[in-house]
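Source file: protein.cif. Holds: mmCIF, N, CA, C and O atoms.
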```cif
data_my_file
#
loop_
_atom_site.group_PDB
_atom_site.id
_atom_site.type_symbol
_atom_site.label_atom_id
_atom_site.label_comp_id
_atom_site.auth_asym_id
_atom_site.auth_seq_id
_atom_site.Cartn_x
_atom_site.Cartn_y
_atom_site.Cartn_z
ATOM 1 N N MET A 1 0.827 -1.170 0.000
ATOM 2 C CA MET A 1 0.000 0.000 0.000
ATOM 3 C C MET A 1 0.884 1.250 0.000
ATOM 4 O O MET A 1 1.917 1.293 0.634
ATOM 5 N N VAL A 2 0.467 2.256 -0.727
ATOM 6 C CA VAL A 2 1.209 3.509 -0.847
ATOM 7 C C VAL A 2 0.625 4.528 0.132
ATOM 8 O O VAL A 2 -0.594 4.638 0.273
ATOM 9 N N ASP A 3 1.492 5.272 0.785
ATOM 10 C CA ASP A 3 1.046 6.303 1.714
ATOM 11 C C ASP A 3 0.420 7.475 0.937
ATOM 12 O O ASP A 3 1.039 8.042 0.037
ATOM 13 N N TYR A 4 -0.790 7.821 1.296
ATOM 14 C CA TYR A 4 -1.555 8.887 0.638
ATOM 15 C C TYR A 4 -0.784 10.207 0.610
ATOM 16 O O TYR A 4 -0.649 10.844 -0.433
ATOM 17 N N ASN A 5 -0.269 10.635 1.756
ATOM 18 C CA ASN A 5 0.424 11.926 1.844
ATOM 19 C C ASN A 5 1.726 11.944 1.048
ATOM 20 O O ASN A 5 2.075 12.955 0.449
ATOM 21 N N THR A 6 2.433 10.823 1.034
ATOM 22 C CA THR A 6 3.670 10.741 0.258
ATOM 23 C C THR A 6 3.367 10.866 -1.229
ATOM 24 O O THR A 6 4.052 11.605 -1.950
ATOM 25 N N LEU A 7 2.351 10.171 -1.692
ATOM 26 C CA LEU A 7 1.965 10.255 -3.097
ATOM 27 C C LEU A 7 1.553 11.684 -3.463
ATOM 28 O O LEU A 7 1.939 12.206 -4.513
ATOM 29 N N LYS A 8 0.823 12.309 -2.601
ATOM 30 C CA LYS A 8 0.391 13.695 -2.815
ATOM 31 C C LYS A 8 1.605 14.632 -2.925
ATOM 32 O O LYS A 8 1.670 15.478 -3.821
ATOM 33 N N MET A 9 2.576 14.454 -2.056
ATOM 34 C CA MET A 9 3.796 15.271 -2.093
ATOM 35 C C MET A 9 4.592 15.037 -3.379
ATOM 36 O O MET A 9 5.106 15.974 -3.975
ATOM 37 N N ARG A 10 4.717 13.778 -3.780
ATOM 38 C CA ARG A 10 5.489 13.454 -4.987
ATOM 39 C C ARG A 10 4.842 14.050 -6.237
ATOM 40 O O ARG A 10 5.534 14.555 -7.116
ATOM 41 N N LEU A 11 3.525 13.994 -6.318
ATOM 42 C CA LEU A 11 2.854 14.586 -7.479
ATOM 43 C C LEU A 11 3.053 16.094 -7.494
ATOM 44 O O LEU A 11 3.309 16.681 -8.543
ATOM 45 N N GLU A 12 2.993 16.717 -6.336
ATOM 46 C CA GLU A 12 3.224 18.166 -6.244
ATOM 47 C C GLU A 12 4.660 18.498 -6.660
ATOM 48 O O GLU A 12 4.906 19.448 -7.387
ATOM 49 N N GLU A 13 5.601 17.682 -6.225
ATOM 50 C CA GLU A 13 7.020 17.915 -6.498
ATOM 51 C C GLU A 13 7.385 17.685 -7.964
ATOM 52 O O GLU A 13 8.102 18.475 -8.567
ATOM 53 N N TYR A 14 6.910 16.593 -8.557
ATOM 54 C CA TYR A 14 7.332 16.208 -9.900
ATOM 55 C C TYR A 14 6.314 16.512 -11.000
ATOM 56 O O TYR A 14 6.666 16.497 -12.179
ATOM 57 N N GLY A 15 5.060 16.733 -10.634
ATOM 58 C CA GLY A 15 4.049 17.052 -11.633
ATOM 59 C C GLY A 15 3.458 15.854 -12.336
ATOM 60 O O GLY A 15 2.406 15.949 -12.960
ATOM 61 N N GLU A 16 4.116 14.702 -12.230
ATOM 62 C CA GLU A 16 3.657 13.464 -12.862
ATOM 63 C C GLU A 16 4.138 12.278 -12.037
ATOM 64 O O GLU A 16 5.302 12.230 -11.650
ATOM 65 N N VAL A 17 3.235 11.355 -11.791
ATOM 66 C CA VAL A 17 3.566 10.138 -11.045
ATOM 67 C C VAL A 17 2.820 8.980 -11.699
ATOM 68 O O VAL A 17 1.655 9.106 -12.054
ATOM 69 N N MET A 18 3.494 7.867 -11.855
ATOM 70 C CA MET A 18 2.868 6.647 -12.363
ATOM 71 C C MET A 18 2.496 5.779 -11.173
ATOM 72 O O MET A 18 3.278 5.678 -10.219
ATOM 73 N N ILE A 19 1.303 5.161 -11.222
ATOM 74 C CA ILE A 19 0.895 4.253 -10.159
ATOM 75 C C ILE A 19 0.479 2.912 -10.758
ATOM 76 O O ILE A 19 0.147 2.826 -11.935
ATOM 77 N N ARG A 20 0.530 1.896 -9.930
ATOM 78 C CA ARG A 20 -0.016 0.582 -10.302
ATOM 79 C C ARG A 20 -1.003 0.213 -9.199
ATOM 80 O O ARG A 20 -0.675 0.271 -8.020
ATOM 81 N N VAL A 21 -2.207 -0.168 -9.619
ATOM 82 C CA VAL A 21 -3.227 -0.586 -8.655
ATOM 83 C C VAL A 21 -3.222 -2.106 -8.528
ATOM 84 O O VAL A 21 -2.572 -2.796 -9.309
ATOM 85 N N ASP A 22 -3.957 -2.608 -7.548
ATOM 86 C CA ASP A 22 -3.922 -4.040 -7.234
ATOM 87 C C ASP A 22 -4.450 -4.948 -8.350
ATOM 88 O O ASP A 22 -4.229 -6.144 -8.322
ATOM 89 N N THR A 23 -5.074 -4.378 -9.368
ATOM 90 C CA THR A 23 -5.517 -5.169 -10.520
ATOM 91 C C THR A 23 -4.412 -5.308 -11.569
ATOM 92 O O THR A 23 -4.578 -5.998 -12.555
ATOM 93 N N GLY A 24 -3.282 -4.593 -11.348
ATOM 94 C CA GLY A 24 -2.177 -4.619 -12.293
ATOM 95 C C GLY A 24 -2.195 -3.453 -13.270
ATOM 96 O O GLY A 24 -1.244 -3.252 -14.016
ATOM 97 N N GLU A 25 -3.270 -2.694 -13.272
ATOM 98 C CA GLU A 25 -3.394 -1.554 -14.191
ATOM 99 C C GLU A 25 -2.434 -0.443 -13.798
ATOM 100 O O GLU A 25 -2.277 -0.119 -12.625
ATOM 101 N N LYS A 26 -1.787 0.145 -14.807
ATOM 102 C CA LYS A 26 -0.897 1.290 -14.607
ATOM 103 C C LYS A 26 -1.649 2.555 -14.997
ATOM 104 O O LYS A 26 -2.313 2.590 -16.038
ATOM 105 N N ILE A 27 -1.514 3.588 -14.178
ATOM 106 C CA ILE A 27 -2.207 4.846 -14.417
ATOM 107 C C ILE A 27 -1.222 5.989 -14.235
ATOM 108 O O ILE A 27 -0.466 6.015 -13.261
ATOM 109 N N GLU A 28 -1.231 6.907 -15.158
ATOM 110 C CA GLU A 28 -0.363 8.075 -15.091
ATOM 111 C C GLU A 28 -1.152 9.237 -14.491
ATOM 112 O O GLU A 28 -2.208 9.609 -14.998
ATOM 113 N N LEU A 29 -0.644 9.777 -13.391
ATOM 114 C CA LEU A 29 -1.289 10.902 -12.734
ATOM 115 C C LEU A 29 -0.555 12.184 -13.096
ATOM 116 O O LEU A 29 0.678 12.218 -13.091
ATOM 117 N N HIS A 30 -1.302 13.216 -13.398
ATOM 118 C CA HIS A 30 -0.726 14.526 -13.710
ATOM 119 C C HIS A 30 -1.292 15.570 -12.758
ATOM 120 O O HIS A 30 -2.481 15.543 -12.442
ATOM 121 N N LYS A 31 -0.458 16.475 -12.351
ATOM 122 C CA LYS A 31 -0.837 17.509 -11.402
ATOM 123 C C LYS A 31 -2.065 18.298 -11.874
ATOM 124 O O LYS A 31 -2.914 18.668 -11.070
ATOM 125 N N HIS A 32 -2.186 18.515 -13.176
ATOM 126 C CA HIS A 32 -3.265 19.369 -13.691
ATOM 127 C C HIS A 32 -4.640 18.699 -13.711
ATOM 128 O O HIS A 32 -5.644 19.384 -13.835
ATOM 129 N N ASN A 33 -4.701 17.372 -13.579
ATOM 130 C CA ASN A 33 -6.015 16.722 -13.643
ATOM 131 C C ASN A 33 -6.308 15.784 -12.471
ATOM 132 O O ASN A 33 -7.194 14.948 -12.544
ATOM 133 N N VAL A 34 -5.563 15.939 -11.381
ATOM 134 C CA VAL A 34 -5.756 15.088 -10.205
ATOM 135 C C VAL A 34 -6.092 15.956 -8.998
ATOM 136 O O VAL A 34 -5.480 16.995 -8.782
ATOM 137 N N THR A 35 -7.088 15.499 -8.236
ATOM 138 C CA THR A 35 -7.461 16.153 -6.987
ATOM 139 C C THR A 35 -7.365 15.122 -5.872
ATOM 140 O O THR A 35 -7.811 13.986 -6.038
ATOM 141 N N PHE A 36 -6.784 15.505 -4.753
ATOM 142 C CA PHE A 36 -6.686 14.611 -3.604
ATOM 143 C C PHE A 36 -7.802 14.946 -2.624
ATOM 144 O O PHE A 36 -7.953 16.097 -2.224
ATOM 145 N N GLU A 37 -8.593 13.937 -2.267
ATOM 146 C CA GLU A 37 -9.699 14.099 -1.330
ATOM 147 C C GLU A 37 -9.217 13.650 0.052
ATOM 148 O O GLU A 37 -9.220 12.459 0.369
ATOM 149 N N ASP A 38 -8.770 14.611 0.855
ATOM 150 C CA ASP A 38 -8.166 14.299 2.147
ATOM 151 C C ASP A 38 -9.110 13.567 3.098
ATOM 152 O O ASP A 38 -8.679 12.709 3.863
ATOM 153 N N SER A 39 -10.394 13.874 3.053
ATOM 154 C CA SER A 39 -11.340 13.258 3.991
ATOM 155 C C SER A 39 -11.508 11.761 3.751
ATOM 156 O O SER A 39 -11.734 10.996 4.690
ATOM 157 N N THR A 40 -11.392 11.319 2.497
ATOM 158 C CA THR A 40 -11.588 9.904 2.162
ATOM 159 C C THR A 40 -10.305 9.197 1.740
ATOM 160 O O THR A 40 -10.307 7.993 1.518
ATOM 161 N N LYS A 41 -9.209 9.974 1.588
ATOM 162 C CA LYS A 41 -7.918 9.439 1.119
ATOM 163 C C LYS A 41 -8.047 8.826 -0.268
ATOM 164 O O LYS A 41 -7.457 7.798 -0.579
ATOM 165 N N GLU A 42 -8.858 9.456 -1.112
ATOM 166 C CA GLU A 42 -9.033 9.016 -2.482
ATOM 167 C C GLU A 42 -8.423 10.034 -3.440
ATOM 168 O O GLU A 42 -8.251 11.201 -3.104
ATOM 169 N N ILE A 43 -8.123 9.552 -4.628
ATOM 170 C CA ILE A 43 -7.594 10.398 -5.684
ATOM 171 C C ILE A 43 -8.650 10.478 -6.769
ATOM 172 O O ILE A 43 -9.157 9.466 -7.239
ATOM 173 N N LYS A 44 -8.989 11.695 -7.165
ATOM 174 C CA LYS A 44 -9.956 11.918 -8.237
ATOM 175 C C LYS A 44 -9.185 12.323 -9.483
ATOM 176 O O LYS A 44 -8.422 13.284 -9.466
ATOM 177 N N VAL A 45 -9.370 11.572 -10.558
ATOM 178 C CA VAL A 45 -8.683 11.846 -11.818
ATOM 179 C C VAL A 45 -9.716 12.293 -12.845
ATOM 180 O O VAL A 45 -10.644 11.550 -13.165
ATOM 181 N N ASP A 46 -9.564 13.510 -13.342
ATOM 182 C CA ASP A 46 -10.446 14.038 -14.380
ATOM 183 C C ASP A 46 -9.800 13.737 -15.724
ATOM 184 O O ASP A 46 -8.834 14.370 -16.119
ATOM 185 N N ALA A 47 -10.357 12.755 -16.425
ATOM 186 C CA ALA A 47 -9.784 12.309 -17.698
ATOM 187 C C ALA A 47 -10.546 12.892 -18.886
ATOM 188 O O ALA A 47 -10.649 12.266 -19.931
ATOM 189 N N GLY A 48 -11.098 14.074 -18.727
ATOM 190 C CA GLY A 48 -11.827 14.714 -19.817
ATOM 191 C C GLY A 48 -13.275 14.276 -19.857
ATOM 192 O O GLY A 48 -14.129 14.918 -19.280
ATOM 193 N N THR A 49 -13.538 13.165 -20.513
ATOM 194 C CA THR A 49 -14.915 12.682 -20.612
ATOM 195 C C THR A 49 -15.285 11.754 -19.460
ATOM 196 O O THR A 49 -16.461 11.485 -19.246
ATOM 197 N N ASP A 50 -14.302 11.250 -18.726
ATOM 198 C CA ASP A 50 -14.554 10.350 -17.602
ATOM 199 C C ASP A 50 -13.856 10.870 -16.347
ATOM 200 O O ASP A 50 -12.858 11.577 -16.424
ATOM 201 N N THR A 51 -14.403 10.499 -15.202
ATOM 202 C CA THR A 51 -13.788 10.806 -13.914
ATOM 203 C C THR A 51 -13.562 9.498 -13.180
ATOM 204 O O THR A 51 -14.448 8.649 -13.120
ATOM 205 N N TYR A 52 -12.365 9.329 -12.645
ATOM 206 C CA TYR A 52 -12.006 8.105 -11.927
ATOM 207 C C TYR A 52 -11.695 8.444 -10.477
ATOM 208 O O TYR A 52 -11.045 9.449 -10.193
ATOM 209 N N TRP A 53 -12.150 7.585 -9.583
ATOM 210 C CA TRP A 53 -11.844 7.702 -8.161
ATOM 211 C C TRP A 53 -10.981 6.497 -7.788
ATOM 212 O O TRP A 53 -11.366 5.357 -8.021
ATOM 213 N N ILE A 54 -9.821 6.764 -7.223
ATOM 214 C CA ILE A 54 -8.902 5.682 -6.861
ATOM 215 C C ILE A 54 -8.660 5.735 -5.358
ATOM 216 O O ILE A 54 -8.193 6.747 -4.830
ATOM 217 N N ASN A 55 -8.955 4.649 -4.687
ATOM 218 C CA ASN A 55 -8.681 4.544 -3.265
ATOM 219 C C ASN A 55 -7.201 4.203 -3.103
ATOM 220 O O ASN A 55 -6.721 3.245 -3.709
ATOM 221 N N THR A 56 -6.490 4.954 -2.305
ATOM 222 C CA THR A 56 -5.042 4.725 -2.174
ATOM 223 C C THR A 56 -4.719 3.362 -1.565
ATOM 224 O O THR A 56 -3.608 2.873 -1.734
ATOM 225 N N ASP A 57 -5.674 2.725 -0.903
ATOM 226 C CA ASP A 57 -5.445 1.366 -0.392
ATOM 227 C C ASP A 57 -5.250 0.377 -1.535
ATOM 228 O O ASP A 57 -4.699 -0.701 -1.334
ATOM 229 N N ARG A 58 -5.691 0.715 -2.724
ATOM 230 C CA ARG A 58 -5.582 -0.178 -3.876
ATOM 231 C C ARG A 58 -4.298 0.051 -4.673
ATOM 232 O O ARG A 58 -4.014 -0.684 -5.612
ATOM 233 N N ILE A 59 -3.523 1.073 -4.335
ATOM 234 C CA ILE A 59 -2.287 1.366 -5.054
ATOM 235 C C ILE A 59 -1.159 0.531 -4.463
ATOM 236 O O ILE A 59 -0.847 0.638 -3.287
ATOM 237 N N THR A 60 -0.556 -0.306 -5.299
ATOM 238 C CA THR A 60 0.496 -1.192 -4.808
ATOM 239 C C THR A 60 1.861 -0.514 -4.799
ATOM 240 O O THR A 60 2.682 -0.793 -3.933
ATOM 241 N N TYR A 61 2.121 0.349 -5.787
ATOM 242 C CA TYR A 61 3.350 1.142 -5.775
ATOM 243 C C TYR A 61 3.256 2.266 -6.789
ATOM 244 O O TYR A 61 2.347 2.326 -7.590
ATOM 245 N N TYR A 62 4.237 3.171 -6.707
ATOM 246 C CA TYR A 62 4.305 4.290 -7.652
ATOM 247 C C TYR A 62 5.742 4.496 -8.080
ATOM 248 O O TYR A 62 6.673 4.015 -7.437
ATOM 249 N N TRP A 63 5.934 5.194 -9.190
ATOM 250 C CA TRP A 63 7.273 5.550 -9.640
ATOM 251 C C TRP A 63 7.207 6.867 -10.407
ATOM 252 O O TRP A 63 6.151 7.327 -10.799
ATOM 253 N N ILE A 64 8.371 7.439 -10.601
ATOM 254 C CA ILE A 64 8.501 8.747 -11.240
ATOM 255 C C ILE A 64 9.459 8.610 -12.412
ATOM 256 O O ILE A 64 10.487 7.941 -12.301
ATOM 257 N N HIS A 65 9.124 9.228 -13.516
ATOM 258 C CA HIS A 65 10.003 9.232 -14.691
ATOM 259 C C HIS A 65 11.119 10.248 -14.474
ATOM 260 O O HIS A 65 11.099 11.342 -15.014
ATOM 261 N N LYS A 66 12.102 9.895 -13.677
ATOM 262 C CA LYS A 66 13.153 10.854 -13.331
ATOM 263 C C LYS A 66 14.007 11.263 -14.522
ATOM 264 O O LYS A 66 14.508 12.370 -14.550
ATOM 265 N N GLU A 67 14.170 10.380 -15.506
ATOM 266 C CA GLU A 67 15.000 10.738 -16.642
ATOM 267 C C GLU A 67 14.472 11.993 -17.340
ATOM 268 O O GLU A 67 15.218 12.760 -17.907
ATOM 269 N N LYS A 68 13.207 12.209 -17.251
ATOM 270 C CA LYS A 68 12.583 13.394 -17.841
ATOM 271 C C LYS A 68 13.116 14.669 -17.174
ATOM 272 O O LYS A 68 13.270 15.700 -17.791
ATOM 273 N N PHE A 69 13.424 14.590 -15.887
ATOM 274 C CA PHE A 69 13.864 15.752 -15.139
ATOM 275 C C PHE A 69 15.375 15.938 -15.164
ATOM 276 O O PHE A 69 15.862 17.010 -14.863
ATOM 277 N N GLU A 70 16.117 14.912 -15.539
ATOM 278 C CA GLU A 70 17.565 15.013 -15.555
ATOM 279 C C GLU A 70 18.091 15.629 -16.840
ATOM 280 O O GLU A 70 19.191 16.137 -16.885
ATOM 281 N N LYS A 71 17.310 15.608 -17.894
ATOM 282 C CA LYS A 71 17.749 16.171 -19.162
ATOM 283 C C LYS A 71 17.711 17.688 -19.097
ATOM 284 O O LYS A 71 16.837 18.277 -18.499
ATOM 285 N N GLU A 72 18.688 18.316 -19.723
ATOM 286 C CA GLU A 72 18.714 19.779 -19.748
ATOM 287 C C GLU A 72 18.881 20.277 -21.146
ATOM 288 O O GLU A 72 19.343 19.659 -22.018
#
```
Could you rewrite the structure in this file as structure tokens?
Amino acid sequence: MVDYNTLKMRLEEYGEVMIRVDTGEKIELHKHNVTFEDSTKEIKVDAGTDTYWINTDRITYYWIHKEKFEKE
């Protein structure tokens, strides 16, 4: 399980975070279309025509595309 507050901080810091949920699905989170619901510890993703709610208890791990930030 991924810590809700840590994930929130990483998205704020890097602007993009990849997650994997317990079903094996990979989801790319972007700062501009994600809202963190502190009261429920859920992540709301606005995907344009669809809205997704992800419970952080279902997130098995996350990673960051650091190579994107190392290039100058």
Provide the atom CA of Thr6 of chain A to atom CA of Asp50 of chain A distance in Å, to one decimal place.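 Separation of atom CA of Thr6 of chain A and atom CA of Asp50 of chain A: 25.5 Å.
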Between atom CA of Leu11 of chain A and atom N of Glu37 of chain A, measure the distance and give it in Å to one decimal.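 Atom-to-atom, atom CA of Leu11 of chain A and atom N of Glu37 of chain A are spaced 12.6 Å apart.
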Could you list, as a compact mmCIF listing (two decimals) with N, CA, C and O atoms, keeping the file's coordinate frame, every residue matched by the PyMOL selection byres (((chain A and resi 27-35 and name CA) around 6) and name CA) in this structure?
```txt
# COMPACT_ATOMS: atom_id res chain seq x y z
N GLY A 15 5.06 16.73 -10.63
CA GLY A 15 4.05 17.05 -11.63
C GLY A 15 3.46 15.85 -12.34
O GLY A 15 2.41 15.95 -12.96
N GLU A 16 4.12 14.70 -12.23
CA GLU A 16 3.66 13.46 -12.86
C GLU A 16 4.14 12.28 -12.04
O GLU A 16 5.30 12.23 -11.65
N VAL A 17 3.24 11.36 -11.79
CA VAL A 17 3.57 10.14 -11.04
C VAL A 17 2.82 8.98 -11.70
O VAL A 17 1.66 9.11 -12.05
N MET A 18 3.49 7.87 -11.86
CA MET A 18 2.87 6.65 -12.36
C MET A 18 2.50 5.78 -11.17
O MET A 18 3.28 5.68 -10.22
N ILE A 19 1.30 5.16 -11.22
CA ILE A 19 0.90 4.25 -10.16
C ILE A 19 0.48 2.91 -10.76
O ILE A 19 0.15 2.83 -11.94
N LYS A 26 -1.79 0.14 -14.81
CA LYS A 26 -0.90 1.29 -14.61
C LYS A 26 -1.65 2.56 -15.00
O LYS A 26 -2.31 2.59 -16.04
N PHE A 36 -6.78 15.50 -4.75
CA PHE A 36 -6.69 14.61 -3.60
C PHE A 36 -7.80 14.95 -2.62
O PHE A 36 -7.95 16.10 -2.22
N ILE A 43 -8.12 9.55 -4.63
CA ILE A 43 -7.59 10.40 -5.68
C ILE A 43 -8.65 10.48 -6.77
O ILE A 43 -9.16 9.47 -7.24
N LYS A 44 -8.99 11.70 -7.16
CA LYS A 44 -9.96 11.92 -8.24
C LYS A 44 -9.18 12.32 -9.48
O LYS A 44 -8.42 13.28 -9.47
N VAL A 45 -9.37 11.57 -10.56
CA VAL A 45 -8.68 11.85 -11.82
C VAL A 45 -9.72 12.29 -12.84
O VAL A 45 -10.64 11.55 -13.16
N ASP A 46 -9.56 13.51 -13.34
CA ASP A 46 -10.45 14.04 -14.38
C ASP A 46 -9.80 13.74 -15.72
O ASP A 46 -8.83 14.37 -16.12
```
What residues in chain A get the DSSP label strand (DSSP E or B)? Please answer as a ChimeraX atom specification. /A:16-21,26-30,34-37,42-46,51-55,59-63
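Selection by the PyMOL selection byres ((chain A and resi 56) around 5) on the present file picks out Met1, Val2, Lys41, Glu42, Ile54, Asn55, Asp57, Arg58 and Ile59 of chain A.
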Taking the chain letters and numbering used in this document, name the residues of chain A that DSSP puts in alpha helix (DSSP H), as a ChimeraX atom specification. /A:4-14,67-70
